[in-house]
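So this block is data.txt, compact mmCIF, C-alpha atoms and all ligand atoms:
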```
# COMPACT_ATOMS: atom_id res chain seq x y z
CA MET X 1 34.61 21.32 26.97
CA ARG X 2 33.80 19.52 30.22
CA ALA X 3 33.15 22.81 32.11
CA TRP X 4 31.16 24.21 29.22
CA LEU X 5 28.94 21.11 29.10
CA GLY X 6 28.41 21.36 32.87
CA ASP X 7 27.28 25.03 32.63
CA ALA X 8 25.10 24.36 29.60
CA TYR X 9 23.52 21.22 31.13
CA PRO X 10 20.28 22.81 32.49
CA TRP X 11 19.82 24.74 29.23
CA ILE X 12 20.26 21.61 27.14
CA LYS X 13 17.89 19.73 29.45
CA SER X 14 15.28 22.49 28.96
CA ALA X 15 15.67 22.26 25.17
CA HIS X 16 15.38 18.45 25.49
CA ILE X 17 12.09 18.76 27.40
CA VAL X 18 10.63 21.37 24.99
CA SER X 19 11.46 19.26 21.91
CA MET X 20 10.17 16.11 23.67
CA VAL X 21 6.81 17.87 24.31
CA ALA X 22 6.54 18.83 20.59
CA TRP X 23 7.41 15.27 19.51
CA MET X 24 4.97 13.71 22.01
CA ALA X 25 2.19 16.10 20.89
CA GLY X 26 2.54 14.67 17.38
CA LEU X 27 2.85 11.03 18.53
CA LEU X 28 -0.39 11.48 20.48
CA TYR X 29 -2.30 13.45 17.83
CA LEU X 30 -1.32 11.76 14.53
CA PRO X 31 -2.94 8.38 15.38
CA ARG X 32 -6.03 10.32 16.53
CA LEU X 33 -6.16 11.91 13.04
CA TYR X 34 -5.92 8.37 11.59
CA VAL X 35 -8.96 7.34 13.69
CA TYR X 36 -11.03 10.03 11.91
CA HIS X 37 -9.28 9.61 8.55
CA SER X 38 -10.10 5.87 8.49
CA MET X 39 -13.80 6.80 8.74
CA ALA X 40 -13.67 9.32 5.82
CA PRO X 41 -14.72 8.02 2.39
CA ILE X 42 -11.81 7.60 -0.09
CA GLY X 43 -11.57 10.58 -2.45
CA SER X 44 -13.73 12.84 -0.24
CA ASP X 45 -12.75 16.44 0.59
CA ARG X 46 -12.47 15.35 4.22
CA SER X 47 -9.96 12.63 3.33
CA ASP X 48 -7.87 15.11 1.30
CA THR X 49 -7.87 17.60 4.19
CA PHE X 50 -6.62 14.86 6.56
CA LYS X 51 -3.79 14.04 4.13
CA VAL X 52 -2.57 17.66 4.24
CA MET X 53 -2.90 17.87 8.05
CA GLU X 54 -1.04 14.59 8.53
CA ARG X 55 1.80 15.51 6.17
CA ARG X 56 2.33 18.91 7.79
CA LEU X 57 2.22 17.48 11.30
CA GLU X 58 4.75 14.77 10.54
CA ARG X 59 7.16 16.71 8.33
CA GLY X 60 6.84 20.15 9.91
CA ILE X 61 6.74 19.26 13.60
CA MET X 62 7.22 15.60 14.53
CA THR X 63 10.34 14.67 12.56
CA PRO X 64 12.32 17.85 13.46
CA ALA X 65 11.18 17.48 17.10
CA MET X 66 12.24 13.82 17.19
CA ILE X 67 15.71 14.71 15.82
CA ALA X 68 16.04 17.56 18.38
CA THR X 69 14.94 15.28 21.27
CA TRP X 70 17.51 12.66 20.29
CA GLY X 71 20.22 15.29 19.73
CA PHE X 72 19.76 17.07 23.06
CA GLY X 73 19.22 13.74 24.86
CA LEU X 74 22.48 12.32 23.51
CA VAL X 75 24.38 15.47 24.57
CA LEU X 76 22.91 15.07 28.08
CA ALA X 77 23.82 11.39 28.08
CA GLY X 78 27.35 12.23 26.86
CA THR X 79 27.99 14.84 29.56
CA PRO X 80 30.62 13.38 31.94
CA GLU X 81 29.14 12.16 35.24
CA ALA X 82 25.60 13.23 34.30
CA VAL X 83 24.26 9.69 34.24
CA ASP X 84 25.17 6.73 36.42
CA TRP X 85 25.27 4.01 33.78
CA ARG X 86 25.11 1.26 36.43
CA MET X 87 21.47 2.27 37.14
CA GLY X 88 18.70 0.43 35.32
CA TRP X 89 16.35 3.39 34.67
CA ILE X 90 18.50 4.91 31.89
CA TRP X 91 18.56 1.60 29.97
CA ALA X 92 14.79 1.13 30.42
CA LYS X 93 14.29 4.71 29.21
CA ILE X 94 16.49 4.18 26.15
CA ALA X 95 14.54 0.99 25.32
CA LEU X 96 11.23 2.91 25.53
CA VAL X 97 12.60 5.78 23.40
CA VAL X 98 13.75 3.29 20.75
CA GLY X 99 10.16 1.93 20.91
CA LEU X 100 8.73 5.46 20.40
CA THR X 101 11.08 5.95 17.43
CA ALA X 102 9.82 2.67 15.90
CA PHE X 103 6.25 3.88 16.54
CA HIS X 104 7.10 7.14 14.71
CA ALA X 105 8.35 5.07 11.73
CA ALA X 106 5.14 2.98 11.76
CA LEU X 107 3.02 6.17 11.80
CA SER X 108 4.99 7.38 8.79
CA ARG X 109 4.32 4.12 6.90
CA TRP X 110 0.58 4.33 7.70
CA ARG X 111 0.55 7.96 6.53
CA ASN X 112 2.11 6.94 3.21
CA ALA X 113 -0.63 4.30 2.84
CA PHE X 114 -3.36 6.90 3.55
CA GLY X 115 -1.64 9.21 1.04
CA VAL X 116 -2.26 6.73 -1.81
CA ASP X 117 -5.72 5.67 -0.47
CA ARG X 118 -4.42 2.26 0.60
CA ASN X 119 -5.00 2.27 4.35
CA MET X 120 -5.31 -1.36 5.49
CA HIS X 121 -6.16 -0.73 9.18
CA SER X 122 -9.46 -0.33 11.00
CA THR X 123 -10.63 2.62 13.10
CA ARG X 124 -10.45 0.31 16.14
CA PHE X 125 -6.79 -0.49 15.37
CA PHE X 126 -5.89 3.22 15.39
CA ARG X 127 -7.87 3.76 18.60
CA ILE X 128 -5.82 1.05 20.30
CA VAL X 129 -2.39 2.16 19.00
CA ASN X 130 -3.29 5.72 20.03
CA GLU X 131 -2.88 4.63 23.68
CA LEU X 132 0.72 3.36 23.26
CA PRO X 133 2.57 6.74 23.32
CA THR X 134 0.57 7.76 26.43
CA LEU X 135 1.78 4.66 28.28
CA ALA X 136 5.37 5.19 27.09
CA LEU X 137 5.29 8.86 28.15
CA MET X 138 4.06 7.98 31.67
CA ALA X 139 6.72 5.28 32.06
CA ILE X 140 9.56 7.50 30.73
CA VAL X 141 8.69 10.46 32.99
CA LEU X 142 8.54 8.11 36.01
CA LEU X 143 11.89 6.56 35.08
CA VAL X 144 13.75 9.88 34.61
CA VAL X 145 12.23 11.69 37.61
CA VAL X 146 11.85 8.90 40.22
CA LYS X 147 14.82 6.80 38.96
CA PRO X 148 13.30 3.77 40.76
CA PHE X 149 16.10 1.30 39.95
C1 LIG E 201 15.69 10.39 22.23
C2 LIG E 201 16.58 9.89 23.09
C3 LIG E 201 16.73 10.40 24.50
C4 LIG E 201 17.88 10.41 25.20
C5 LIG E 201 19.24 9.92 24.73
C6 LIG E 201 17.59 11.00 26.50
C7 LIG E 201 18.50 11.20 27.52
C8 LIG E 201 18.26 11.97 28.65
C9 LIG E 201 19.22 12.26 29.68
C10 LIG E 201 20.66 11.74 29.70
C11 LIG E 201 18.62 13.05 30.60
C12 LIG E 201 19.23 13.63 31.86
C13 LIG E 201 18.86 12.78 33.05
C14 LIG E 201 19.31 13.39 34.35
O1 LIG E 201 19.94 14.46 34.35
O2 LIG E 201 19.03 12.77 35.37
C15 LIG E 201 17.26 13.28 30.16
C16 LIG E 201 16.33 14.03 30.84
C17 LIG E 201 14.98 13.99 30.59
N1 LIG E 201 14.37 13.31 29.55
FE1 LIG E 201 15.31 12.35 28.04
N2 LIG E 201 16.25 11.32 26.54
C18 LIG E 201 15.68 10.95 25.35
C19 LIG E 201 14.34 11.06 25.01
C20 LIG E 201 13.33 11.45 25.89
C21 LIG E 201 11.92 11.31 25.68
C22 LIG E 201 11.28 10.71 24.44
C23 LIG E 201 11.28 11.81 26.78
C24 LIG E 201 9.82 11.86 27.12
C25 LIG E 201 8.91 11.14 26.52
C26 LIG E 201 12.30 12.30 27.68
C27 LIG E 201 12.04 12.90 28.89
C28 LIG E 201 12.99 13.45 29.70
C29 LIG E 201 12.73 14.29 30.85
C30 LIG E 201 11.33 14.69 31.38
C31 LIG E 201 13.96 14.63 31.42
C32 LIG E 201 14.23 15.51 32.64
C33 LIG E 201 14.40 14.66 33.88
C34 LIG E 201 14.86 15.45 35.08
O3 LIG E 201 16.03 15.81 35.15
O4 LIG E 201 14.05 15.71 35.98
N3 LIG E 201 13.53 12.04 27.11
N4 LIG E 201 17.07 12.59 28.97
```

Would you write out, as structure tokens, the structure that this file holds?
Amino acid sequence: MRAWLGDAYPWIKSAHIVSMVAWMAGLLYLPRLYVYHSMAPIGSDRSDTFKVMERRLERGIMTPAMIATWGFGLVLAGTPEAVDWRMGWIWAKIALVVGLTAFHAALSRWRNAFGVDRNMHSTRFFRIVNELPTLALMAIVLLVVVKPF
């Protein structure tokens, strides 16, 4: 098992990065759709089109990609000697990934509200939250590549 995990490590890391890119694409794009959706009149064709786009993005891409990112990431983390758990970067990364997962859940709640024409947030709100996954992505990549602490 130990030897197998060692040989498979770079393959699992590649799968982790590919699924992370798919998840991040959705985390960056879904709030951008909400920016435009919040400007569309309730009941309009435009609003209905956004509902379909948002549902397909979340259910078809983001949720499976999030599960795959977590799954491959946990296998990497569980590989013996792969991570030095005395270092701070891995804990900071895990904290940020938990934050991204909470952000995913918030996006899902806002999508449900849009789905029943009950969005309570402004266009400006979605513009601001749209920046959060970008900041998290930059910090996570720095942490895993540079391992500064
Ligand atoms: C979902 C939970 C996650 C876990 C448990 C996890 C865990 C890990 C582990 C243990 C490694 C190997 C580190 C090494 O070999 O030095 C790794 C690599 C990596 N992770 Fe994650 N990760 C997760 C999510 C993410 C997310 C959300 C991103 C980006 C936003 C990300 C980006 C990366 C990158 C770019 C690498 C490759 C680093 C390198 O070896 O150069 N991970 N991850």

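Restricting the atom set to only C-alpha atoms and all ligand atoms, one finds that the residues within 6 Å of ligand LIG 201 (chain E) amount to Ile17, Met20, Thr69, Trp70, Gly73, Leu74, Leu76, Ala77, Ala82, Val97, Leu137, Ile140, Val141, Val144 and Val145 of chain X.
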
Between CA of Arg59 (chain X) and CA of Ser38 (chain X), what is the distance in Å, rounded to a tenth?
20.4 Å

Could you tell me which of X:Ala3, X:Leu132, X:Val21, X:Met138 comes closest to Phe103 (chain X) if we count only C-alpha atoms?
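Using only C-alpha atoms, Phe103 (chain X) sits closest to X:Leu132.
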
Which neighbours of Glu58 (chain X) fall inside 10 Å, counting all atoms listed in the file, when residues of the same chain fewer than 6 positions from it are skipped, and could you give them as a VMD selection string?
chain X and resid 23 26 to 27 30 64 to 65 104 107 to 108 111

Shortest interatomic distance to Val116 (chain X) - which of X:Trp89, X:Asp48, X:Pro10, X:Pro31, counting only C-alpha atoms:
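Closest candidate: X:Asp48.
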
Given all atoms listed in the file as the basis, pick out the residue of X:Leu33, X:Leu100, X:Met39, X:Ala95 nearest to Arg55 (chain X).
X:Leu33

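In terms of minimum interatomic distance to Ala105 (chain X), X:Thr63 ranks closest within X:Ser122, X:Thr63, X:Ser47, X:Ser19, counting all atoms listed in the file.
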
Between CA of Trp85 (chain X) and CA of Gly71 (chain X), measure the distance and give it in Å to one decimal.
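Computed distance, CA of Trp85 (chain X) to CA of Gly71 (chain X), equals 18.7 Å.
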
Rank X:Ile42, X:Leu5, X:Val146, X:Ala102 by their smallest atom-to-atom distance to Gly88 (chain X), using only C-alpha atoms, and report the top residue only.
X:Val146

Taking all atoms listed in the file into account, name the residue in X:Leu96, X:Ala22, X:Ala40, X:Ile90 that is nearest to Ile67 (chain X).
X:Ala22

I'd like the box whose edges run along x, y and z of the file and which contains every listed atom of region 119-133 of chain X, padded by 8 Å per side; could you state its centre and edge lengths in Å, one decimal, as lines of an AutoDock Vina configuration file?
```
center_x = -4.0
center_y = 2.7
center_z = 14.0
size_x = 29.2
size_y = 24.1
size_z = 35.3
```

Excluding same-chain residues fewer than 6 positions from Met87 (chain X), what lies within 10 Å of it counting only C-alpha atoms, as a PyMOL selection string?
chain X and resi 147-149

Surrounding residues of Pro41 (chain X) excluding itself and chain neighbours under 5 positions, 12 Å, all atoms listed in the file, as JSON, numbers by chain:
{"X": [36, 46, 47, 48, 49, 50, 114, 117, 118, 119]}

For CA of Phe72 (chain X) and CA of Trp11 (chain X), the interatomic separation in Å (one decimal)
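Calculated distance between CA of Phe72 (chain X) and CA of Trp11 (chain X) is 9.8 Å.
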
Surrounding residues of region 124-126 of chain X excluding itself and chain neighbours under 3 positions, 6 Å, all atoms listed in the file, as a ChimeraX atom specification
/X:31,35,129-130
